[in-house]
$ cat model-v3.pdb   # PDB, C-alpha atoms
ATOM      1  CA  MET A   1       0.000   0.000   0.000  1.00  0.00           C
ATOM      2  CA  THR A   2       1.393   3.382  -0.991  1.00  0.00           C
ATOM      3  CA  ASP A   3       0.656   6.474   0.959  1.00  0.00           C
ATOM      4  CA  GLU A   4       0.293   9.470  -1.314  1.00  0.00           C
ATOM      5  CA  HIS A   5       0.566  12.954   0.126  1.00  0.00           C
ATOM      6  CA  HIS A   6      -1.370  15.581  -1.705  1.00  0.00           C
ATOM      7  CA  HIS A   7      -0.165  19.106  -1.156  1.00  0.00           C
ATOM      8  CA  ASP A   8      -2.139  22.053  -2.372  1.00  0.00           C
ATOM      9  CA  THR A   9      -0.335  25.202  -3.452  1.00  0.00           C
ATOM     10  CA  VAL A  10      -1.344  28.178  -1.340  1.00  0.00           C
ATOM     11  CA  VAL A  11      -0.790  31.691  -2.722  1.00  0.00           C
ATOM     12  CA  VAL A  12      -1.007  34.563  -0.263  1.00  0.00           C
ATOM     13  CA  GLU A  13      -1.487  37.983  -1.820  1.00  0.00           C
ATOM     14  CA  ASP A  14      -0.719  41.226  -0.086  1.00  0.00           C
ATOM     15  CA  GLY A  15      -3.682  43.565  -0.325  1.00  0.00           C
ATOM     16  CA  ARG A  16      -1.580  46.721  -0.745  1.00  0.00           C
ATOM     17  CA  GLY A  17      -0.466  46.089  -4.301  1.00  0.00           C
ATOM     18  CA  SER A  18       1.896  48.605  -5.889  1.00  0.00           C
ATOM     19  CA  GLY A  19       0.147  51.675  -4.528  1.00  0.00           C
ATOM     20  CA  MET A  20       2.476  52.008  -1.550  1.00  0.00           C
ATOM     21  CA  GLY A  21       5.560  51.904  -3.774  1.00  0.00           C
ATOM     22  CA  ALA A  22       4.118  54.579  -6.057  1.00  0.00           C
ATOM     23  CA  ILE A  23       3.367  56.866  -3.120  1.00  0.00           C
ATOM     24  CA  LEU A  24       6.885  56.435  -1.711  1.00  0.00           C
ATOM     25  CA  GLY A  25       8.360  57.103  -5.157  1.00  0.00           C
ATOM     26  CA  ILE A  26       6.400  60.340  -5.563  1.00  0.00           C
ATOM     27  CA  ILE A  27       7.455  61.515  -2.098  1.00  0.00           C
ATOM     28  CA  ALA A  28      11.102  60.711  -2.886  1.00  0.00           C
ATOM     29  CA  ILE A  29      10.943  62.706  -6.140  1.00  0.00           C
ATOM     30  CA  ILE A  30       9.400  65.702  -4.357  1.00  0.00           C
ATOM     31  CA  VAL A  31      12.096  65.625  -1.672  1.00  0.00           C
ATOM     32  CA  LEU A  32      14.794  65.447  -4.363  1.00  0.00           C
ATOM     33  CA  LEU A  33      13.329  68.419  -6.248  1.00  0.00           C
ATOM     34  CA  VAL A  34      13.135  70.496  -3.062  1.00  0.00           C
ATOM     35  CA  ALA A  35      16.774  69.675  -2.262  1.00  0.00           C
ATOM     36  CA  VAL A  36      17.899  70.716  -5.759  1.00  0.00           C
ATOM     37  CA  TRP A  37      15.907  73.967  -5.491  1.00  0.00           C
ATOM     38  CA  TRP A  38      17.391  74.684  -2.063  1.00  0.00           C
ATOM     39  CA  VAL A  39      20.971  74.295  -3.273  1.00  0.00           C
ATOM     40  CA  ALA A  40      20.640  75.885  -6.726  1.00  0.00           C
ATOM     41  CA  LEU A  41      18.105  78.677  -6.375  1.00  0.00           C
ATOM     42  CA  GLY A  42      16.888  79.034  -2.829  1.00  0.00           C
ATOM     43  CA  PRO A  43      18.292  80.353   0.424  1.00  0.00           C
ATOM     44  CA  GLY A  44      20.941  77.643   0.532  1.00  0.00           C
ATOM     45  CA  SER A  45      22.636  78.836  -2.654  1.00  0.00           C
ATOM     46  CA  GLY A  46      25.213  80.828  -0.681  1.00  0.00           C
ATOM     47  CA  SER A  47      25.144  83.899  -2.891  1.00  0.00           C
ATOM     48  CA  GLY A  48      23.557  86.187  -0.341  1.00  0.00           C
ATOM     49  CA  GLY A  49      24.299  89.865   0.083  1.00  0.00           C
ATOM     50  CA  THR A  50      27.135  89.362   2.547  1.00  0.00           C
ATOM     51  CA  THR A  51      30.024  89.391   0.079  1.00  0.00           C
ATOM     52  CA  ASN A  52      32.385  92.361   0.175  1.00  0.00           C
ATOM     53  CA  ASN A  53      34.187  93.165  -3.062  1.00  0.00           C
ATOM     54  CA  ASN A  54      35.856  96.476  -2.282  1.00  0.00           C
ATOM     55  CA  THR A  55      38.721  96.990  -4.717  1.00  0.00           C
ATOM     56  CA  ILE A  56      40.653 100.125  -5.449  1.00  0.00           C
ATOM     57  CA  ASN A  57      41.677 100.610  -9.062  1.00  0.00           C
ATOM     58  CA  ASN A  58      44.121 103.451  -9.526  1.00  0.00           C
ATOM     59  CA  GLY A  59      45.042 102.494 -13.064  1.00  0.00           C
ATOM     60  CA  GLY A  60      48.427 101.117 -12.060  1.00  0.00           C
ATOM     61  CA  ASN A  61      50.241 104.412 -12.839  1.00  0.00           C
ATOM     62  CA  ALA A  62      49.019 106.852 -10.214  1.00  0.00           C
ATOM     63  CA  PRO A  63      50.739 106.916  -6.823  1.00  0.00           C
ATOM     64  CA  ALA A  64      48.745 105.753  -3.847  1.00  0.00           C
ATOM     65  CA  ALA A  65      46.849 108.510  -2.038  1.00  0.00           C
ATOM     66  CA  THR A  66      48.399 109.666   1.222  1.00  0.00           C
ATOM     67  CA  GLN A  67      46.689 111.230   4.181  1.00  0.00           C
ATOM     68  CA  GLN A  68      47.874 114.546   5.505  1.00  0.00           C
ATOM     69  CA  ALA A  69      47.471 115.697   9.055  1.00  0.00           C
ATOM     70  CA  PRO A  70      45.315 118.811   9.502  1.00  0.00           C
ATOM     71  CA  ALA A  71      47.287 122.037   9.757  1.00  0.00           C
ATOM     72  CA  SER A  72      47.447 123.371  13.285  1.00  0.00           C
ATOM     73  CA  SER A  73      46.743 127.048  13.797  1.00  0.00           C
TER      74      SER A  73
END

$ encode --input "model-v3.pdb" --output "structure tokens"
Amino acid sequence: MTDEHHHDTVVVEDGRGSGMGAILGIIAIIVLLVAVWWVALGPGSGSGGTTNNNTINNGGNAPAATQQAPASS
């Protein structure tokens, strides 16, 4: 007498589907776009009004200006 074991295949499906992956993908793209905006165009760009470019151009030929003390009376 042979004993046969019958096994049924059971498939368990997750009810969420691909919707959760799509939502996470959209959120990741939005975060990436905000980061690019922040670095390139926004307040994090580093080109604020705090730079100081004071240069004196005397043409290279003129002597440097000197200060004279006020004449005493």

$ atom_distance --input "model-v3.pdb" --atom1 "CA of Met20 (chain A)" --atom2 "CA of Trp38 (chain A)"
27.1 Å

$ atom_distance --input "model-v3.pdb" --atom1 "CA of Ile26 (chain A)" --atom2 "CA of Val39 (chain A)"
20.3 Å

$ atom_distance --input "model-v3.pdb" --atom1 "CA of Ile30 (chain A)" --atom2 "CA of Pro43 (chain A)"
17.8 Å
